[in-house]
file data29.cif (mmCIF, C-alpha atoms; chains and numbers go by the auth columns)
data_final
#
loop_
_atom_site.group_PDB
_atom_site.id
_atom_site.type_symbol
_atom_site.label_atom_id
_atom_site.label_comp_id
_atom_site.label_asym_id
_atom_site.label_seq_id
_atom_site.Cartn_x
_atom_site.Cartn_y
_atom_site.Cartn_z
_atom_site.B_iso_or_equiv
_atom_site.auth_seq_id
_atom_site.auth_asym_id
ATOM 1 C CA MET A 1 11.516 -57.975 -30.641 0.00 1 H
ATOM 2 C CA SER A 2 13.090 -61.344 -30.229 0.00 2 H
ATOM 3 C CA ARG A 3 16.257 -62.417 -31.929 0.00 3 H
ATOM 4 C CA LEU A 4 16.622 -65.131 -34.543 0.00 4 H
ATOM 5 C CA PRO A 5 19.964 -66.764 -35.346 0.00 5 H
ATOM 6 C CA GLY A 6 22.247 -64.221 -36.986 0.00 6 H
ATOM 7 C CA ASN A 7 20.796 -61.306 -34.943 0.00 7 H
ATOM 8 C CA ARG A 8 17.768 -60.886 -37.206 0.00 8 H
ATOM 9 C CA ALA A 9 14.937 -59.268 -35.267 0.00 9 H
ATOM 10 C CA ARG A 10 11.337 -60.334 -35.710 0.00 10 H
ATOM 11 C CA PRO A 11 8.153 -58.987 -34.166 0.00 11 H
ATOM 12 C CA VAL A 12 6.668 -61.020 -31.349 0.00 12 H
ATOM 13 C CA LEU A 13 2.902 -61.327 -31.438 0.00 13 H
ATOM 14 C CA ARG A 14 1.256 -61.785 -28.075 0.00 14 H
ATOM 15 C CA GLY A 15 -2.198 -62.957 -27.176 0.00 15 H
ATOM 16 C CA ASP A 16 -4.722 -65.372 -28.590 0.00 16 H
ATOM 17 C CA ARG A 17 -4.873 -64.971 -32.378 0.00 17 H
ATOM 18 C CA CYS A 18 -8.627 -65.660 -32.202 0.00 18 H
ATOM 19 C CA SER A 19 -8.956 -62.223 -30.662 0.00 19 H
ATOM 20 C CA ASN A 20 -7.181 -59.188 -32.062 0.00 20 H
ATOM 21 C CA ALA A 21 -7.685 -57.194 -28.871 0.00 21 H
ATOM 22 C CA ALA A 22 -4.402 -58.317 -27.313 0.00 22 H
ATOM 23 C CA VAL A 23 -2.266 -57.383 -30.337 0.00 23 H
ATOM 24 C CA LEU A 24 -4.195 -54.356 -31.536 0.00 24 H
ATOM 25 C CA PRO A 25 -1.731 -51.818 -30.048 0.00 25 H
ATOM 26 C CA ASP A 26 1.186 -53.635 -31.731 0.00 26 H
ATOM 27 C CA GLU A 27 -0.620 -53.706 -35.076 0.00 27 H
ATOM 28 C CA ILE A 28 -1.492 -50.012 -34.781 0.00 28 H
ATOM 29 C CA TRP A 29 2.120 -49.146 -33.976 0.00 29 H
ATOM 30 C CA PHE A 30 3.506 -51.182 -36.905 0.00 30 H
ATOM 31 C CA GLY A 31 0.942 -49.534 -39.186 0.00 31 H
ATOM 32 C CA ILE A 32 1.944 -46.042 -38.058 0.00 32 H
ATOM 33 C CA ILE A 33 5.671 -46.603 -38.408 0.00 33 H
ATOM 34 C CA THR A 34 5.174 -48.231 -41.807 0.00 34 H
ATOM 35 C CA ARG A 35 3.032 -45.380 -43.162 0.00 35 H
ATOM 36 C CA GLN A 36 5.048 -42.538 -41.688 0.00 36 H
ATOM 37 C CA SER A 37 8.605 -43.788 -41.932 0.00 37 H
ATOM 38 C CA ILE A 38 9.435 -46.809 -44.057 0.00 38 H
ATOM 39 C CA ARG A 39 6.770 -47.432 -46.719 0.00 39 H
ATOM 40 C CA ARG A 40 8.281 -45.629 -49.706 0.00 40 H
ATOM 41 C CA GLY A 41 11.856 -45.673 -48.514 0.00 41 H
ATOM 42 C CA THR A 42 14.807 -47.257 -50.227 0.00 42 H
ATOM 43 C CA PHE A 43 17.294 -48.856 -47.879 0.00 43 H
ATOM 44 C CA ALA A 44 20.758 -49.964 -48.928 0.00 44 H
ATOM 45 C CA SER A 45 20.960 -52.501 -46.109 0.00 45 H
ATOM 46 C CA VAL A 46 19.116 -53.859 -43.120 0.00 46 H
ATOM 47 C CA ASN A 47 21.313 -51.671 -40.907 0.00 47 H
ATOM 48 C CA VAL A 48 20.108 -48.555 -42.747 0.00 48 H
ATOM 49 C CA LEU A 49 16.481 -49.682 -42.293 0.00 49 H
ATOM 50 C CA VAL A 50 17.057 -50.356 -38.589 0.00 50 H
ATOM 51 C CA LYS A 51 18.623 -46.886 -38.195 0.00 51 H
ATOM 52 C CA GLN A 52 15.578 -45.314 -39.906 0.00 52 H
ATOM 53 C CA ILE A 53 13.241 -47.147 -37.525 0.00 53 H
ATOM 54 C CA ARG A 54 15.299 -46.211 -34.449 0.00 54 H
ATOM 55 C CA ASP A 55 15.452 -42.556 -35.541 0.00 55 H
ATOM 56 C CA TYR A 56 11.685 -42.542 -36.037 0.00 56 H
ATOM 57 C CA ILE A 57 11.105 -44.066 -32.599 0.00 57 H
ATOM 58 C CA ASP A 58 13.405 -41.485 -30.987 0.00 58 H
ATOM 59 C CA SER A 59 11.504 -38.677 -32.715 0.00 59 H
ATOM 60 C CA TRP A 60 8.153 -40.242 -31.767 0.00 60 H
ATOM 61 C CA ASN A 61 9.193 -40.456 -28.114 0.00 61 H
ATOM 62 C CA GLU A 62 10.424 -36.850 -28.037 0.00 62 H
ATOM 63 C CA ASN A 63 7.066 -35.614 -29.380 0.00 63 H
ATOM 64 C CA ALA A 64 4.800 -38.232 -27.812 0.00 64 H
ATOM 65 C CA LYS A 65 1.056 -37.622 -27.787 0.00 65 H
ATOM 66 C CA PRO A 66 -1.491 -40.091 -26.449 0.00 66 H
ATOM 67 C CA PHE A 67 -3.904 -41.759 -28.835 0.00 67 H
ATOM 68 C CA THR A 68 -7.378 -40.282 -28.684 0.00 68 H
ATOM 69 C CA TRP A 69 -10.163 -42.734 -29.419 0.00 69 H
ATOM 70 C CA THR A 70 -12.997 -40.885 -31.125 0.00 70 H
ATOM 71 C CA ALA A 71 -15.329 -43.767 -31.930 0.00 71 H
ATOM 72 C CA THR A 72 -17.966 -44.863 -29.466 0.00 72 H
ATOM 73 C CA THR A 73 -18.242 -48.428 -28.280 0.00 73 H
ATOM 74 C CA ASP A 74 -21.396 -48.901 -30.342 0.00 74 H
ATOM 75 C CA GLU A 75 -19.669 -47.640 -33.513 0.00 75 H
ATOM 76 C CA ILE A 76 -16.772 -50.029 -32.985 0.00 76 H
ATOM 77 C CA LEU A 77 -19.072 -52.985 -32.339 0.00 77 H
ATOM 78 C CA VAL A 78 -21.054 -52.253 -35.519 0.00 78 H
ATOM 79 C CA LYS A 79 -17.809 -52.415 -37.516 0.00 79 H
ATOM 80 C CA VAL A 80 -16.723 -55.605 -35.756 0.00 80 H
ATOM 81 C CA ARG A 81 -20.033 -57.269 -36.610 0.00 81 H
ATOM 82 C CA LEU A 82 -19.741 -56.134 -40.223 0.00 82 H
ATOM 83 C CA VAL A 83 -16.255 -57.633 -40.500 0.00 83 H
ATOM 84 C CA GLN A 84 -17.404 -60.867 -38.856 0.00 84 H
ATOM 85 C CA THR A 85 -20.264 -61.159 -41.350 0.00 85 H
ATOM 86 C CA SER A 86 -17.932 -60.465 -44.290 0.00 86 H
ATOM 87 C CA VAL A 87 -15.391 -63.040 -43.110 0.00 87 H
ATOM 88 C CA LYS A 88 -18.106 -65.670 -42.621 0.00 88 H
ATOM 89 C CA LYS A 89 -19.345 -65.033 -46.177 0.00 89 H
ATOM 90 C CA LEU A 90 -15.825 -65.367 -47.571 0.00 90 H
ATOM 91 C CA VAL A 91 -15.221 -68.611 -45.649 0.00 91 H
ATOM 92 C CA ASN A 92 -18.546 -70.046 -46.785 0.00 92 H
ATOM 93 C CA ASN A 93 -17.866 -69.080 -50.419 0.00 93 H
ATOM 94 C CA ASN A 94 -14.406 -70.657 -50.323 0.00 94 H
ATOM 95 C CA ALA A 95 -15.756 -73.866 -48.797 0.00 95 H
ATOM 96 C CA LYS A 96 -17.931 -74.492 -51.869 0.00 96 H
#
call {"tool": "encode", "arguments": {"input": "data29.cif", "output": "structure tokens"}}
result
Amino acid sequence: MSRLPGNRARPVLRGDRCSNAAVLPDEIWFGIITRQSIRRGTFASVNVLVKQIRDYIDSWNENAKPFTWTATTDEILVKVRLVQTSVKKLVNNNAK
């Protein structure tokens, strides 16, 4: 996280945004922490939210398990091609 004026933290995205490969681990992590810790929470302040996130990270690190990729390369590439085709259709439809 980098700091903005006033000590507000913001995520730092790395890598070329034309390729999601470089930021995929970050996006996965933010998705996990959102689903498992903060999505339906009510937080009285930013400090309470930050404490929730830090507590979750501490718990995650104490019980760390590696990610296990179950999809094959071919299965992943099929999905990538499907998304590329869908995005191209959306772009073409919006250009009209």
call {"tool": "atom_distance", "arguments": {"input": "data29.cif", "atom1": "CA of Asn61 in chain H", "atom2": "CA of Ala44 in chain H"}}
result
25.6 Å
call {"tool": "axis_aligned_box", "arguments": {"input": "data29.cif", "around": "range 31-43 of chain H", "padding_each_side": "6 Å", "output": "lines of an AutoDock Vina configuration file"}}
result
center_x = 9.1
center_y = -46.0
center_z = -44.1
size_x = 28.4
size_y = 19.0
size_z = 24.2
call {"tool": "atom_distance", "arguments": {"input": "data29.cif", "atom1": "CA of Ala64 in chain H", "atom2": "CA of Asn47 in chain H"}}
result
25.0 Å
call {"tool": "closest_residue", "arguments": {"input": "data29.cif", "among": "H:Phe67, H:Lys96, H:Thr72, H:Ile53", "to": "Arg35 in chain H", "atoms": "all atoms listed in the file"}}
result
H:Ile53
call {"tool": "atom_distance", "arguments": {"input": "data29.cif", "atom1": "CA of Ile28 in chain H", "atom2": "CA of Ser59 in chain H"}}
result
17.4 Å
call {"tool": "decode", "arguments": {"input": "data29.cif", "residues": "range 20-51 of chain H", "atoms": "N, CA, C and O atoms", "output": "short mmCIF file (atom, residue, chain, number, x, y, z; two decimals), in the first residue's frame"}}
result
data_model
loop_
_atom_site.label_atom_id
_atom_site.label_comp_id
_atom_site.auth_asym_id
_atom_site.auth_seq_id
_atom_site.Cartn_x
_atom_site.Cartn_y
_atom_site.Cartn_z
N ASN H 20 -3.41 -8.98 -17.37
CA ASN H 20 -3.77 -9.15 -15.97
C ASN H 20 -2.84 -10.10 -15.23
O ASN H 20 -2.94 -10.24 -14.02
N ALA H 21 -1.92 -10.74 -15.92
CA ALA H 21 -1.07 -11.73 -15.29
C ALA H 21 -0.26 -11.14 -14.14
O ALA H 21 -0.09 -11.78 -13.11
N ALA H 22 0.24 -9.92 -14.29
CA ALA H 22 1.10 -9.34 -13.27
C ALA H 22 0.33 -8.98 -12.01
O ALA H 22 0.89 -8.98 -10.91
N VAL H 23 -0.95 -8.65 -12.11
CA VAL H 23 -1.71 -8.23 -10.94
C VAL H 23 -2.69 -9.30 -10.47
O VAL H 23 -3.38 -9.11 -9.49
N LEU H 24 -2.72 -10.43 -11.12
CA LEU H 24 -3.66 -11.47 -10.76
C LEU H 24 -3.55 -11.88 -9.29
O LEU H 24 -4.57 -11.95 -8.60
N PRO H 25 -2.36 -12.10 -8.73
CA PRO H 25 -2.30 -12.45 -7.31
C PRO H 25 -2.90 -11.37 -6.41
O PRO H 25 -3.59 -11.67 -5.44
N ASP H 26 -2.65 -10.09 -6.72
CA ASP H 26 -3.23 -9.00 -5.94
C ASP H 26 -4.75 -9.03 -6.02
O ASP H 26 -5.44 -8.88 -5.02
N GLU H 27 -5.29 -9.21 -7.22
CA GLU H 27 -6.73 -9.22 -7.40
C GLU H 27 -7.36 -10.42 -6.69
O GLU H 27 -8.43 -10.31 -6.09
N ILE H 28 -6.70 -11.55 -6.72
CA ILE H 28 -7.19 -12.73 -5.99
C ILE H 28 -7.21 -12.44 -4.51
O ILE H 28 -8.20 -12.70 -3.82
N TRP H 29 -6.13 -11.87 -3.99
CA TRP H 29 -6.05 -11.59 -2.56
C TRP H 29 -7.15 -10.61 -2.14
O TRP H 29 -7.84 -10.82 -1.14
N PHE H 30 -7.33 -9.52 -2.89
CA PHE H 30 -8.37 -8.54 -2.54
C PHE H 30 -9.76 -9.18 -2.62
O PHE H 30 -10.64 -8.87 -1.82
N GLY H 31 -9.96 -10.09 -3.56
CA GLY H 31 -11.23 -10.79 -3.66
C GLY H 31 -11.48 -11.68 -2.44
O GLY H 31 -12.59 -11.72 -1.90
N ILE H 32 -10.45 -12.39 -2.01
CA ILE H 32 -10.58 -13.28 -0.85
C ILE H 32 -10.88 -12.46 0.41
O ILE H 32 -11.82 -12.77 1.15
N ILE H 33 -10.12 -11.43 0.66
CA ILE H 33 -10.31 -10.67 1.88
C ILE H 33 -11.67 -9.97 1.87
O ILE H 33 -12.34 -9.85 2.89
N THR H 34 -12.11 -9.54 0.70
CA THR H 34 -13.42 -8.90 0.60
C THR H 34 -14.52 -9.90 0.92
O THR H 34 -15.41 -9.63 1.74
N ARG H 35 -14.48 -11.08 0.29
CA ARG H 35 -15.53 -12.09 0.51
C ARG H 35 -15.53 -12.61 1.94
O ARG H 35 -16.59 -12.81 2.53
N GLN H 36 -14.36 -12.86 2.48
CA GLN H 36 -14.29 -13.56 3.77
C GLN H 36 -14.25 -12.64 4.99
O GLN H 36 -14.46 -13.12 6.10
N SER H 37 -14.01 -11.35 4.78
CA SER H 37 -13.82 -10.52 5.96
C SER H 37 -14.61 -9.22 5.97
O SER H 37 -15.13 -8.84 7.01
N ILE H 38 -14.72 -8.53 4.85
CA ILE H 38 -15.27 -7.17 4.94
C ILE H 38 -16.56 -6.93 4.17
O ILE H 38 -17.19 -5.90 4.35
N ARG H 39 -17.00 -7.85 3.32
CA ARG H 39 -18.13 -7.58 2.44
C ARG H 39 -19.39 -7.13 3.18
O ARG H 39 -19.96 -6.12 2.89
N ARG H 40 -19.87 -7.87 4.12
CA ARG H 40 -21.14 -7.53 4.77
C ARG H 40 -20.95 -6.86 6.12
O ARG H 40 -21.88 -6.75 6.90
N GLY H 41 -19.75 -6.38 6.37
CA GLY H 41 -19.48 -5.76 7.65
C GLY H 41 -19.96 -4.32 7.72
O GLY H 41 -20.18 -3.67 6.70
N THR H 42 -20.15 -3.86 8.91
CA THR H 42 -20.47 -2.47 9.18
C THR H 42 -19.33 -1.93 10.03
O THR H 42 -19.00 -2.51 11.07
N PHE H 43 -18.74 -0.84 9.59
CA PHE H 43 -17.56 -0.31 10.25
C PHE H 43 -17.82 1.13 10.66
O PHE H 43 -18.19 1.96 9.83
N ALA H 44 -17.64 1.41 11.93
CA ALA H 44 -17.92 2.74 12.47
C ALA H 44 -16.91 3.78 12.00
O ALA H 44 -17.21 4.98 12.00
N SER H 45 -15.74 3.33 11.59
CA SER H 45 -14.71 4.26 11.13
C SER H 45 -13.72 3.51 10.25
O SER H 45 -13.72 2.28 10.19
N VAL H 46 -12.87 4.28 9.60
CA VAL H 46 -11.82 3.67 8.79
C VAL H 46 -10.88 2.87 9.69
O VAL H 46 -10.41 1.79 9.31
N ASN H 47 -10.62 3.38 10.89
CA ASN H 47 -9.73 2.66 11.81
C ASN H 47 -10.28 1.28 12.17
O ASN H 47 -9.53 0.32 12.28
N VAL H 48 -11.60 1.18 12.34
CA VAL H 48 -12.22 -0.10 12.65
C VAL H 48 -12.07 -1.05 11.45
O VAL H 48 -11.77 -2.23 11.60
N LEU H 49 -12.26 -0.53 10.23
CA LEU H 49 -12.09 -1.33 9.02
C LEU H 49 -10.64 -1.80 8.89
O LEU H 49 -10.38 -2.97 8.62
N VAL H 50 -9.70 -0.91 9.12
CA VAL H 50 -8.28 -1.27 9.04
C VAL H 50 -7.96 -2.36 10.07
O VAL H 50 -7.25 -3.33 9.77
N LYS H 51 -8.49 -2.23 11.30
CA LYS H 51 -8.26 -3.26 12.31
C LYS H 51 -8.82 -4.60 11.87
O LYS H 51 -8.18 -5.65 12.03
#
